[in-house]
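Just coords_22.cif here, mmCIF, C-alpha atoms:
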data_structure
loop_
_atom_site.group_PDB
_atom_site.id
_atom_site.type_symbol
_atom_site.label_atom_id
_atom_site.label_comp_id
_atom_site.auth_asym_id
_atom_site.auth_seq_id
_atom_site.Cartn_x
_atom_site.Cartn_y
_atom_site.Cartn_z
ATOM 1 C CA MET A 234 0.000 0.000 0.000
ATOM 2 C CA PRO A 235 1.254 3.508 -0.774
ATOM 3 C CA LEU A 236 2.671 6.185 1.470
ATOM 4 C CA LEU A 237 1.180 9.646 0.976
ATOM 5 C CA ILE A 238 3.577 12.419 2.007
ATOM 6 C CA ALA A 239 1.877 15.805 2.328
ATOM 7 C CA GLY A 240 3.879 18.944 2.978
ATOM 8 C CA SER A 241 5.921 21.745 1.509
ATOM 9 C CA ILE A 242 7.648 21.782 -1.866
ATOM 10 C CA ALA A 243 10.221 24.552 -2.199
ATOM 11 C CA THR A 244 13.494 25.690 -3.688
ATOM 12 C CA ASP A 245 16.272 27.340 -1.681
ATOM 13 C CA HIS A 246 18.373 30.151 -3.158
ATOM 14 C CA LEU A 247 21.466 30.444 -0.950
ATOM 15 C CA MET A 248 24.068 33.200 -1.330
ATOM 16 C CA SER A 249 27.267 34.167 0.487
ATOM 17 C CA PHE A 250 28.407 37.722 1.235
ATOM 18 C CA GLY A 251 32.134 38.203 1.852
ATOM 19 C CA GLY A 252 31.803 41.189 4.190
ATOM 20 C CA LYS A 253 29.890 41.667 7.426
ATOM 21 C CA PHE A 254 26.289 42.852 7.391
ATOM 22 C CA ALA A 255 26.970 44.726 10.628
ATOM 23 C CA ASP A 256 29.499 46.999 8.877
ATOM 24 C CA SER A 257 26.750 48.280 6.578
ATOM 25 C CA LEU A 258 24.234 49.108 9.273
ATOM 26 C CA VAL A 259 23.818 52.707 10.447
ATOM 27 C CA VAL A 260 21.939 52.377 13.710
ATOM 28 C CA GLU A 261 20.552 55.907 13.589
ATOM 29 C CA GLN A 262 19.088 55.294 10.110
ATOM 30 C CA LEU A 263 17.515 51.850 10.503
ATOM 31 C CA ASP A 264 14.047 53.296 9.905
ATOM 32 C CA LYS A 265 15.273 54.315 6.420
ATOM 33 C CA ILE A 266 17.306 51.213 5.679
ATOM 34 C CA SER A 267 18.206 50.578 2.029
ATOM 35 C CA LEU A 268 20.959 48.044 1.436
ATOM 36 C CA SER A 269 22.325 45.993 -1.431
ATOM 37 C CA PHE A 270 25.086 43.390 -1.140
ATOM 38 C CA LEU A 271 27.311 42.007 -3.899
ATOM 39 C CA VAL A 272 27.328 38.260 -3.165
ATOM 40 C CA ASP A 273 30.063 35.776 -4.000
ATOM 41 C CA ASP A 274 28.040 32.780 -5.107
ATOM 42 C CA LEU A 275 24.565 31.353 -5.564
ATOM 43 C CA GLU A 276 23.413 27.818 -4.861
ATOM 44 C CA ILE A 277 19.926 26.708 -5.861
ATOM 45 C CA ARG A 278 18.855 23.619 -3.968
ATOM 46 C CA ARG A 279 15.761 21.494 -4.079
ATOM 47 C CA GLY A 280 13.858 21.464 -0.801
ATOM 48 C CA GLY A 281 10.569 21.368 1.038
ATOM 49 C CA VAL A 282 9.938 18.765 3.723
ATOM 50 C CA ALA A 283 7.567 16.593 1.680
ATOM 51 C CA ALA A 284 9.783 16.634 -1.396
ATOM 52 C CA ASN A 285 12.828 15.755 0.726
ATOM 53 C CA MET A 286 11.026 12.842 2.357
ATOM 54 C CA THR A 287 9.687 11.428 -0.877
ATOM 55 C CA PHE A 288 13.154 11.640 -2.421
ATOM 56 C CA GLY A 289 14.564 9.611 0.486
ATOM 57 C CA LEU A 290 11.846 6.997 0.178
ATOM 58 C CA GLY A 291 12.503 6.756 -3.533
ATOM 59 C CA ARG A 292 16.222 6.219 -2.904
ATOM 60 C CA LEU A 293 15.285 3.237 -0.719
ATOM 61 C CA GLY A 294 13.213 1.669 -3.486
ATOM 62 C CA LEU A 295 9.688 2.786 -2.603
ATOM 63 C CA THR A 296 7.294 4.831 -4.740
ATOM 64 C CA PRO A 297 5.833 7.452 -2.393
ATOM 65 C CA VAL A 298 3.069 9.829 -3.438
ATOM 66 C CA LEU A 299 3.966 13.508 -3.068
ATOM 67 C CA VAL A 300 0.990 15.630 -1.979
ATOM 68 C CA GLY A 301 1.519 19.370 -2.133
ATOM 69 C CA ALA A 302 1.197 22.511 -4.220
ATOM 70 C CA ALA A 303 3.763 24.024 -6.583
ATOM 71 C CA GLY A 304 3.925 26.527 -9.409
ATOM 72 C CA GLU A 305 4.379 26.078 -13.138
ATOM 73 C CA ASP A 306 8.124 26.404 -12.480
ATOM 74 C CA PHE A 307 7.972 22.925 -10.878
ATOM 75 C CA ALA A 308 8.636 21.119 -14.187
ATOM 76 C CA ASP A 309 12.377 20.503 -13.714
ATOM 77 C CA TYR A 310 11.924 19.614 -10.041
ATOM 78 C CA ARG A 311 9.121 17.195 -10.977
ATOM 79 C CA SER A 312 11.376 15.477 -13.498
ATOM 80 C CA TRP A 313 14.126 15.097 -10.882
ATOM 81 C CA LEU A 314 11.778 13.552 -8.332
ATOM 82 C CA GLU A 315 10.114 11.221 -10.819
ATOM 83 C CA ARG A 316 13.517 9.975 -11.964
ATOM 84 C CA HIS A 317 14.151 9.052 -8.336
ATOM 85 C CA GLY A 318 10.952 7.071 -7.842
ATOM 86 C CA VAL A 319 8.481 9.697 -6.614
ATOM 87 C CA ASP A 320 4.862 9.762 -7.803
ATOM 88 C CA CYS A 321 4.184 13.466 -8.472
ATOM 89 C CA SER A 322 0.765 13.038 -10.037
ATOM 90 C CA ALA A 323 -0.978 14.401 -6.931
ATOM 91 C CA VAL A 324 0.947 17.697 -6.918
ATOM 92 C CA ARG A 325 -1.369 20.649 -7.495
ATOM 93 C CA ILE A 326 0.052 23.170 -9.963
ATOM 94 C CA SER A 327 -0.983 26.756 -9.289
ATOM 95 C CA GLU A 328 -2.032 28.849 -12.266
ATOM 96 C CA THR A 329 -0.939 32.113 -10.651
ATOM 97 C CA LYS A 330 1.844 31.494 -8.099
ATOM 98 C CA HIS A 331 5.410 30.258 -8.149
ATOM 99 C CA THR A 332 6.691 27.329 -6.117
ATOM 100 C CA ALA A 333 7.582 28.325 -2.540
ATOM 101 C CA ARG A 334 11.034 29.861 -2.310
ATOM 102 C CA PHE A 335 13.552 30.525 0.455
ATOM 103 C CA VAL A 336 16.108 33.228 -0.385
ATOM 104 C CA CYS A 337 18.970 33.650 2.071
ATOM 105 C CA THR A 338 22.279 35.537 2.175
ATOM 106 C CA THR A 339 24.853 34.616 4.842
ATOM 107 C CA ASP A 340 27.969 36.528 5.882
ATOM 108 C CA PRO A 341 31.176 35.003 7.324
ATOM 109 C CA THR A 342 29.945 35.514 10.907
ATOM 110 C CA GLY A 343 26.883 33.350 10.247
ATOM 111 C CA ALA A 344 24.495 36.312 10.232
ATOM 112 C CA GLN A 345 21.695 35.873 7.717
ATOM 113 C CA ILE A 346 19.207 38.037 5.852
ATOM 114 C CA ALA A 347 16.447 35.852 4.439
ATOM 115 C CA SER A 348 12.954 35.854 3.000
ATOM 116 C CA PHE A 349 10.447 33.041 2.530
ATOM 117 C CA TYR A 350 7.843 33.258 -0.198
ATOM 118 C CA PRO A 351 5.064 30.686 0.388
ATOM 119 C CA GLY A 352 3.622 31.120 -3.096
ATOM 120 C CA ALA A 353 1.775 28.065 -4.349
ATOM 121 C CA MET A 354 2.115 26.380 -0.966
ATOM 122 C CA SER A 355 -0.947 28.350 0.161
ATOM 123 C CA GLU A 356 -3.039 26.283 -2.283
ATOM 124 C CA ALA A 357 -2.340 23.047 -0.394
ATOM 125 C CA ARG A 358 -5.611 23.739 1.425
ATOM 126 C CA LEU A 359 -7.415 23.029 -1.869
ATOM 127 C CA ILE A 360 -6.107 19.461 -2.145
ATOM 128 C CA GLU A 361 -8.484 16.631 -1.210
ATOM 129 C CA LEU A 362 -7.004 13.256 -0.314
ATOM 130 C CA GLY A 363 -10.015 11.151 -1.301
ATOM 131 C CA PRO A 364 -9.504 11.318 -5.084
ATOM 132 C CA ILE A 365 -5.799 10.570 -4.649
ATOM 133 C CA VAL A 366 -6.555 7.467 -2.580
ATOM 134 C CA ALA A 367 -9.179 6.354 -5.101
ATOM 135 C CA ARG A 368 -6.442 6.364 -7.729
ATOM 136 C CA VAL A 369 -3.434 4.928 -5.838
ATOM 137 C CA GLY A 370 -5.165 2.787 -3.213
ATOM 138 C CA ALA A 371 -5.668 2.932 0.549
ATOM 139 C CA PRO A 372 -2.507 4.272 2.183
ATOM 140 C CA ASP A 373 -0.348 2.631 4.814
ATOM 141 C CA TYR A 374 0.008 6.119 6.248
ATOM 142 C CA VAL A 375 -0.554 9.729 5.324
ATOM 143 C CA LEU A 376 2.275 11.830 6.697
ATOM 144 C CA ILE A 377 1.188 15.428 7.234
ATOM 145 C CA GLY A 378 4.284 17.614 7.371
ATOM 146 C CA ALA A 379 4.885 21.345 7.590
ATOM 147 C CA ASP A 380 2.824 23.120 4.961
ATOM 148 C CA ASP A 381 0.106 25.723 4.632
ATOM 149 C CA PRO A 382 -1.558 25.517 8.092
ATOM 150 C CA ASP A 383 -5.067 25.346 6.655
ATOM 151 C CA GLY A 384 -3.920 22.593 4.327
ATOM 152 C CA MET A 385 -2.397 20.639 7.214
ATOM 153 C CA LEU A 386 -5.626 20.930 9.166
ATOM 154 C CA ARG A 387 -7.759 19.886 6.190
ATOM 155 C CA HIS A 388 -5.614 16.804 5.540
ATOM 156 C CA THR A 389 -5.723 15.832 9.215
ATOM 157 C CA GLU A 390 -9.481 16.171 9.451
ATOM 158 C CA GLU A 391 -9.987 14.214 6.242
ATOM 159 C CA CYS A 392 -7.775 11.395 7.538
ATOM 160 C CA ARG A 393 -9.919 11.173 10.668
ATOM 161 C CA GLN A 394 -13.160 11.219 8.684
ATOM 162 C CA ARG A 395 -12.066 8.645 6.109
ATOM 163 C CA GLY A 396 -10.138 6.422 8.516
ATOM 164 C CA TYR A 397 -6.704 6.905 6.938
ATOM 165 C CA PRO A 398 -3.925 6.308 9.506
ATOM 166 C CA PHE A 399 -1.953 9.530 9.693
ATOM 167 C CA ILE A 400 1.412 10.711 10.970
ATOM 168 C CA ALA A 401 1.645 14.166 12.534
ATOM 169 C CA ASP A 402 4.875 15.992 11.723
ATOM 170 C CA PRO A 403 4.202 19.735 12.207
ATOM 171 C CA SER A 404 7.930 20.609 12.702
ATOM 172 C CA GLN A 405 8.621 24.156 11.446
ATOM 173 C CA GLN A 406 4.995 25.225 11.737
ATOM 174 C CA LEU A 407 4.979 24.708 15.518
ATOM 175 C CA ALA A 408 6.582 28.088 16.178
ATOM 176 C CA PHE A 409 3.791 29.882 14.298
ATOM 177 C CA SER A 410 0.864 27.778 15.539
ATOM 178 C CA GLY A 411 -1.338 28.199 18.580
ATOM 179 C CA GLY A 412 -2.195 25.457 21.004
ATOM 180 C CA GLU A 413 -5.620 24.728 19.531
ATOM 181 C CA LEU A 414 -4.208 24.137 16.041
ATOM 182 C CA ILE A 415 -1.415 21.910 17.366
ATOM 183 C CA ARG A 416 -3.887 19.834 19.368
ATOM 184 C CA ASP A 417 -6.021 19.395 16.245
ATOM 185 C CA LEU A 418 -3.005 18.344 14.189
ATOM 186 C CA ILE A 419 -1.672 15.647 16.522
ATOM 187 C CA ASP A 420 -4.702 14.201 18.334
ATOM 188 C CA GLY A 421 -5.309 10.658 17.099
ATOM 189 C CA ALA A 422 -2.118 10.366 15.058
ATOM 190 C CA ALA A 423 -0.649 6.904 14.608
ATOM 191 C CA TYR A 424 2.802 8.496 14.959
ATOM 192 C CA LEU A 425 4.007 11.900 16.115
ATOM 193 C CA PHE A 426 7.439 13.034 14.883
ATOM 194 C CA SER A 427 9.441 15.862 16.452
ATOM 195 C CA ASN A 428 12.861 16.754 17.794
ATOM 196 C CA GLU A 429 13.470 17.425 21.495
ATOM 197 C CA TYR A 430 12.863 21.161 21.265
ATOM 198 C CA GLU A 431 9.689 20.687 19.248
ATOM 199 C CA SER A 432 8.469 18.097 21.748
ATOM 200 C CA ALA A 433 8.818 20.621 24.562
ATOM 201 C CA MET A 434 7.071 23.246 22.426
ATOM 202 C CA ILE A 435 4.151 20.874 21.801
ATOM 203 C CA GLU A 436 3.699 20.364 25.538
ATOM 204 C CA GLN A 437 4.001 24.075 26.284
ATOM 205 C CA LYS A 438 1.580 25.241 23.591
ATOM 206 C CA THR A 439 -1.034 22.487 23.961
ATOM 207 C CA GLY A 440 -0.972 22.526 27.745
ATOM 208 C CA TRP A 441 -0.644 18.725 27.684
ATOM 209 C CA THR A 442 1.905 16.893 29.793
ATOM 210 C CA ALA A 443 4.287 14.417 28.178
ATOM 211 C CA ASP A 444 2.031 11.575 29.354
ATOM 212 C CA GLU A 445 -1.048 13.293 27.953
ATOM 213 C CA VAL A 446 0.641 13.688 24.568
ATOM 214 C CA LEU A 447 1.458 9.967 24.594
ATOM 215 C CA SER A 448 -2.129 9.124 25.469
ATOM 216 C CA ARG A 449 -3.371 10.933 22.337
ATOM 217 C CA VAL A 450 -1.023 9.393 19.761
ATOM 218 C CA GLY A 451 -0.071 5.824 18.992
ATOM 219 C CA VAL A 452 3.704 6.292 19.042
ATOM 220 C CA GLN A 453 5.880 9.341 19.658
ATOM 221 C CA VAL A 454 9.216 9.440 17.816
ATOM 222 C CA THR A 455 11.660 12.083 19.060
ATOM 223 C CA THR A 456 14.966 12.687 17.304
ATOM 224 C CA LEU A 457 17.869 13.508 19.623
ATOM 225 C CA GLY A 458 20.499 14.803 17.213
ATOM 226 C CA LYS A 459 23.881 13.123 17.704
ATOM 227 C CA ASP A 460 22.345 11.038 20.501
ATOM 228 C CA GLY A 461 20.029 9.174 18.140
ATOM 229 C CA VAL A 462 16.278 8.775 18.568
ATOM 230 C CA ARG A 463 13.724 7.850 21.233
ATOM 231 C CA VAL A 464 10.487 5.956 20.560
ATOM 232 C CA GLN A 465 7.707 6.024 23.156
ATOM 233 C CA ALA A 466 4.211 4.597 23.467
ATOM 234 C CA ALA A 467 1.809 4.721 26.401
ATOM 235 C CA GLY A 468 2.367 1.839 28.805
ATOM 236 C CA ALA A 469 5.625 0.703 27.174
ATOM 237 C CA GLU A 470 9.283 1.158 28.007
ATOM 238 C CA PRO A 471 10.976 3.828 25.843
ATOM 239 C CA LEU A 472 13.236 2.583 23.066
ATOM 240 C CA VAL A 473 16.431 4.587 22.483
ATOM 241 C CA VAL A 474 18.530 3.904 19.388
ATOM 242 C CA SER A 475 21.955 5.465 18.879
ATOM 243 C CA ALA A 476 22.872 7.533 15.849
ATOM 244 C CA ALA A 477 24.796 5.949 12.977
ATOM 245 C CA ALA A 478 28.512 5.436 13.545
ATOM 246 C CA ASP A 479 31.415 7.431 12.084
ATOM 247 C CA VAL A 480 29.406 10.350 10.771
ATOM 248 C CA THR A 481 31.308 13.368 9.434
ATOM 249 C CA ALA A 482 28.837 16.223 9.732
ATOM 250 C CA VAL A 483 28.961 18.835 6.975
ATOM 251 C CA GLU A 484 25.511 20.471 6.785
ATOM 252 C CA PRO A 485 22.417 19.534 8.840
ATOM 253 C CA THR A 486 19.597 20.807 6.628
ATOM 254 C CA GLY A 487 17.191 18.004 5.714
ATOM 255 C CA VAL A 488 18.551 15.486 8.236
ATOM 256 C CA GLY A 489 15.208 15.136 10.006
ATOM 257 C CA ASP A 490 13.403 14.610 6.711
ATOM 258 C CA ALA A 491 15.846 11.836 5.784
ATOM 259 C CA PHE A 492 15.341 10.121 9.136
ATOM 260 C CA ARG A 493 11.601 10.081 8.563
ATOM 261 C CA SER A 494 12.125 8.603 5.093
ATOM 262 C CA GLY A 495 14.170 5.743 6.476
ATOM 263 C CA PHE A 496 11.820 5.125 9.375
ATOM 264 C CA LEU A 497 8.763 4.985 7.110
ATOM 265 C CA ALA A 498 10.536 2.775 4.572
ATOM 266 C CA ALA A 499 11.318 0.244 7.291
ATOM 267 C CA LEU A 500 7.707 0.309 8.511
ATOM 268 C CA SER A 501 6.567 -0.339 4.945
ATOM 269 C CA TRP A 502 8.934 -3.315 4.817
ATOM 270 C CA GLY A 503 7.253 -4.726 7.921
ATOM 271 C CA LEU A 504 10.221 -4.127 10.235
ATOM 272 C CA GLY A 505 9.904 -3.087 13.879
ATOM 273 C CA HIS A 506 10.655 0.235 15.523
ATOM 274 C CA GLU A 507 14.277 -0.552 16.346
ATOM 275 C CA ARG A 508 15.109 -1.374 12.737
ATOM 276 C CA ALA A 509 13.073 1.605 11.558
ATOM 277 C CA CYS A 510 15.154 3.915 13.736
ATOM 278 C CA GLN A 511 18.367 2.333 12.484
ATOM 279 C CA VAL A 512 17.416 2.711 8.822
ATOM 280 C CA GLY A 513 16.353 6.299 9.512
ATOM 281 C CA CYS A 514 19.617 7.134 11.262
ATOM 282 C CA VAL A 515 21.740 5.688 8.458
ATOM 283 C CA LEU A 516 19.834 7.628 5.794
ATOM 284 C CA ALA A 517 20.146 10.775 7.930
ATOM 285 C CA ALA A 518 23.919 10.230 8.048
ATOM 286 C CA TYR A 519 24.103 10.432 4.255
ATOM 287 C CA VAL A 520 22.325 13.791 4.304
ATOM 288 C CA VAL A 521 24.348 15.392 7.108
ATOM 289 C CA GLU A 522 27.534 14.440 5.248
ATOM 290 C CA THR A 523 26.343 16.180 2.060
ATOM 291 C CA VAL A 524 25.622 19.801 1.155
ATOM 292 C CA GLY A 525 22.006 19.848 -0.014
ATOM 293 C CA THR A 526 18.978 17.848 1.040
ATOM 294 C CA GLN A 527 18.737 15.648 -2.075
ATOM 295 C CA GLU A 528 22.324 15.385 -3.275
ATOM 296 C CA TYR A 529 23.285 12.080 -1.656
ATOM 297 C CA SER A 530 23.455 8.690 -3.345
ATOM 298 C CA PHE A 531 24.344 5.095 -2.509
ATOM 299 C CA THR A 532 23.937 1.568 -3.804
ATOM 300 C CA PRO A 533 21.876 -0.960 -1.833
ATOM 301 C CA ALA A 534 25.104 -2.767 -0.939
ATOM 302 C CA GLU A 535 26.684 0.437 0.369
ATOM 303 C CA PHE A 536 23.632 1.228 2.461
ATOM 304 C CA VAL A 537 23.505 -2.255 3.974
ATOM 305 C CA ALA A 538 27.235 -2.112 4.733
ATOM 306 C CA ARG A 539 26.672 1.072 6.669
ATOM 307 C CA VAL A 540 23.803 -0.507 8.604
ATOM 308 C CA VAL A 541 26.127 -3.383 9.502
ATOM 309 C CA GLN A 542 28.873 -0.966 10.536
ATOM 310 C CA SER A 543 26.521 0.907 12.880
ATOM 311 C CA TYR A 544 24.146 -1.774 14.131
ATOM 312 C CA GLY A 545 25.559 -5.205 13.375
ATOM 313 C CA ASP A 546 25.153 -8.145 11.032
ATOM 314 C CA GLU A 547 21.612 -9.066 12.076
ATOM 315 C CA ALA A 548 20.331 -5.566 11.312
ATOM 316 C CA GLY A 549 22.119 -5.584 7.969
ATOM 317 C CA ALA A 550 20.693 -8.974 7.025
ATOM 318 C CA GLU A 551 17.122 -7.832 7.694
ATOM 319 C CA VAL A 552 17.510 -4.580 5.771
ATOM 320 C CA SER A 553 19.200 -6.287 2.828
ATOM 321 C CA GLN A 554 16.056 -8.335 2.198
ATOM 322 C CA HIS A 555 14.084 -5.196 1.389
ATOM 323 C CA ILE A 556 16.230 -2.356 0.056
ATOM 324 C CA SER A 557 16.348 -2.029 -3.721
#
Rewritten as structure tokens:
Amino acid sequence: MPLLIAGSIATDHLMSFGGKFADSLVVEQLDKISLSFLVDDLEIRRGGVAANMTFGLGRLGLTPVLVGAAGEDFADYRSWLERHGVDCSAVRISETKHTARFVCTTDPTGAQIASFYPGAMSEARLIELGPIVARVGAPDYVLIGADDPDGMLRHTEECRQRGYPFIADPSQQLAFSGGELIRDLIDGAAYLFSNEYESAMIEQKTGWTADEVLSRVGVQVTTLGKDGVRVQAAGAEPLVVSAAADVTAVEPTGVGDAFRSGFLAALSWGLGHERACQVGCVLAAYVVETVGTQEYSFTPAEFVARVVQSYGDEAGAEVSQHIS
């Protein structure tokens, strides 16, 4: 059965400025600010949480269904994803807006000046899951990632109404969402994904304790950065899995999306939570060692070898039966 991955589709335009932004600021004139910087380079990267996750699933041999909204400028991005195993037939193409875009300039001190244009992402609220499911079949899961908030809420409510098992993964939208919206997005989820900071934010904004959050979802999966991942369910002992071994971190963007891809792939293969965490951590290692969220590659044999290196022969033998 298919995996439906709903969330943002975006491109990142990343530039570097050789000087310091601070040297160009006149404090007494900030209300009249008008600045232009000559940048050294430009990198255009594919991004968006749903696109990143579907790419990872495709690399592991699955054919996920990407659910989101993009502009007519999505053609090249669509071709890239389809060549890597992603079903893009459910992507809504806006007639008036460009694909969401993140434009960021960074100076040598790490200071950034950035803008995010949501563009076509705002039309995610117009996408209905029912016709997609009628075409591709009943889903194993519908993952609902960061996207247009109204679209996230619509997808969640439709999953409840139609009985589709759903995964709540609000991530970046947590900072901009109130407690009522967050409660609506996670209540009844089969899985809830977050990192440690986001987990604390969920509790703070919803007013629910950690135990109350667990009582409202099937399984809570919390990534712990270099310390791995924790899996919890009400009435069960927590499972903690270490991160992959011998990781040389280069750039962290997209690491969480890759972990989710690996975790969901393992669930689709019928593996348990421990193996799912291990597959997720290994895929995340490939991303953190690469600049760009979709620039990594590996052969099945290379991936299995890395599972063996991090988690042993038994783990590698189980994964090798499924990865393609």
TODO: Would you mind telling me which residue in A:Ala550, A:Val480, A:Val446, A:Leu386 lies nearest to Ala467 (chain A) when using all atoms listed in the file?
DONE: A:Val446
Open item on the list: Here's the selection I'm unsure about, the PyMOL selection byres ((chain A and resi 392) around 12); applied to the file above, which residues does it give, as a PyMOL selection string?
Closed with: chain A and resi 237+239+361-363+366+371-377+385-391+393-401+417-423
Write out as a compact mmCIF listing (two decimals) with C-alpha atoms, in the frame of the given file the residues lying within 8 Å of region 533-543 of chain A, counting all atoms listed in the file and excluding same-chain residues fewer than 4 positions away.
# COMPACT_ATOMS: atom_id res chain seq x y z
CA LEU A 293 15.28 3.24 -0.72
CA ALA A 477 24.80 5.95 12.98
CA ALA A 478 28.51 5.44 13.54
CA GLN A 511 18.37 2.33 12.48
CA VAL A 512 17.42 2.71 8.82
CA VAL A 515 21.74 5.69 8.46
CA GLU A 547 21.61 -9.07 12.08
CA ALA A 548 20.33 -5.57 11.31
CA GLY A 549 22.12 -5.58 7.97
CA ALA A 550 20.69 -8.97 7.02
CA VAL A 552 17.51 -4.58 5.77
CA SER A 553 19.20 -6.29 2.83
CA ILE A 556 16.23 -2.36 0.06
CA SER A 557 16.35 -2.03 -3.72
Task: Atom pair CA of Glu305 (chain A) / CA of Ile242 (chain A): separation (Å) - done: 12.5 Å
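Here CA of Gly294 (chain A) and CA of Trp502 (chain A) stand 10.6 Å from one another.
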Task: Test item: residues at most 9 Å from Glu507 (chain A), only C-alpha atoms, excluding those fewer than 6 positions along its chain, as a PyMOL selection string - done: chain A and resi 464+472-474
Task: Among the residues A:Leu268, A:Val260, A:Ala284, A:Ala433, the one that comes closest to Ala491 (chain A) [using only C-alpha atoms] - done: A:Ala284
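For the residues A:Gly378, A:Pro341, A:Gly291, A:Pro471, ranking by smallest atom-to-atom distance to Gln453 (chain A) using only C-alpha atoms places A:Pro471 first.
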TODO: Quick one: pull the distance between CA of Val282 (chain A) and CA of Thr442 (chain A), Å, one decimal.
DONE: 27.3 Å
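Closest to Ala443 (chain A) among A:Ser267, A:Gln465, A:Thr287, A:Thr456 is A:Gln465, based on all atoms listed in the file.
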TODO: I need the residue set behind the PyMOL selection byres ((chain A and resi 254) around 10) for this file; please write it as a PyMOL selection string.
DONE: chain A and resi 250-253+255-258+268+270+338-346
- [ ] Please provide as a PyMOL selection string all residues within 10 Å of Gly281 (chain A), with the sequence filter that same-chain residues fewer than 3 positions apart are discarded (counting only C-alpha atoms).
- [x] chain A and resi 240-245+278+284-286+301+333-335+378-380+487+490+526
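Evaluated against this file, the PyMOL selection byres ((chain A and resi 352) around 7) yields A:Lys330, A:His331, A:Thr332, A:Ala333, A:Tyr350, A:Pro351, A:Ala353, A:Met354, A:Ser355.
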Using all atoms listed in the file, what does the table of region 478-529 of chain A residues within 12 Å of region 306-317 of chain A look like, with each row giving the shortest atom pair and its distance in Å to one decimal, sorted by chain and ascending number, as a Markdown table?
| residue | atom | partner | partner_atom | distance |
| --- | --- | --- | --- | --- |
| A:Gln527 | CA | A:Leu314 | CA | 9.6 |
| A:Glu528 | CA | A:Trp313 | CA | 11.2 |
| A:Tyr529 | CA | A:His317 | CA | 11.7 |
Task: Which of A:Leu407, A:Leu425, A:Met434, A:Leu295 sits closest to His555 (chain A) [using only C-alpha atoms] - done: A:Leu295
Would you mind putting all heavy atoms back on region 538-542 of chain A and writing the result as a compact mmCIF listing (two decimals), in the frame of the given file?
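part26.txt written:
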# COMPACT_ATOMS: atom_id res chain seq x y z
N ALA A 538 25.93 -2.09 4.06
CA ALA A 538 27.24 -2.11 4.73
C ALA A 538 27.29 -1.09 5.85
O ALA A 538 27.87 -1.34 6.92
CB ALA A 538 28.35 -1.86 3.72
N ARG A 539 26.66 0.05 5.62
CA ARG A 539 26.67 1.07 6.67
C ARG A 539 25.75 0.70 7.83
O ARG A 539 26.02 1.02 8.98
CB ARG A 539 26.26 2.42 6.07
CG ARG A 539 26.58 3.58 6.98
CD ARG A 539 26.88 4.83 6.24
NE ARG A 539 27.39 5.84 7.16
CZ ARG A 539 27.70 7.07 6.81
NH1 ARG A 539 27.57 7.44 5.54
NH2 ARG A 539 28.15 7.93 7.69
N VAL A 540 24.65 0.01 7.53
CA VAL A 540 23.80 -0.51 8.60
C VAL A 540 24.59 -1.52 9.45
O VAL A 540 24.55 -1.49 10.68
CB VAL A 540 22.53 -1.16 8.02
CG1 VAL A 540 21.74 -1.86 9.13
CG2 VAL A 540 21.64 -0.11 7.35
N VAL A 541 25.31 -2.40 8.79
CA VAL A 541 26.13 -3.38 9.50
C VAL A 541 27.18 -2.69 10.36
O VAL A 541 27.39 -3.05 11.53
CB VAL A 541 26.81 -4.35 8.51
CG1 VAL A 541 27.83 -5.23 9.22
CG2 VAL A 541 25.77 -5.20 7.79
N GLN A 542 27.83 -1.69 9.81
CA GLN A 542 28.87 -0.97 10.54
C GLN A 542 28.33 -0.32 11.82
O GLN A 542 28.99 -0.31 12.85
CB GLN A 542 29.47 0.12 9.64
CG GLN A 542 30.53 0.99 10.32
CD GLN A 542 30.92 2.19 9.46
OE1 GLN A 542 30.25 2.52 8.48
NE2 GLN A 542 32.01 2.84 9.83
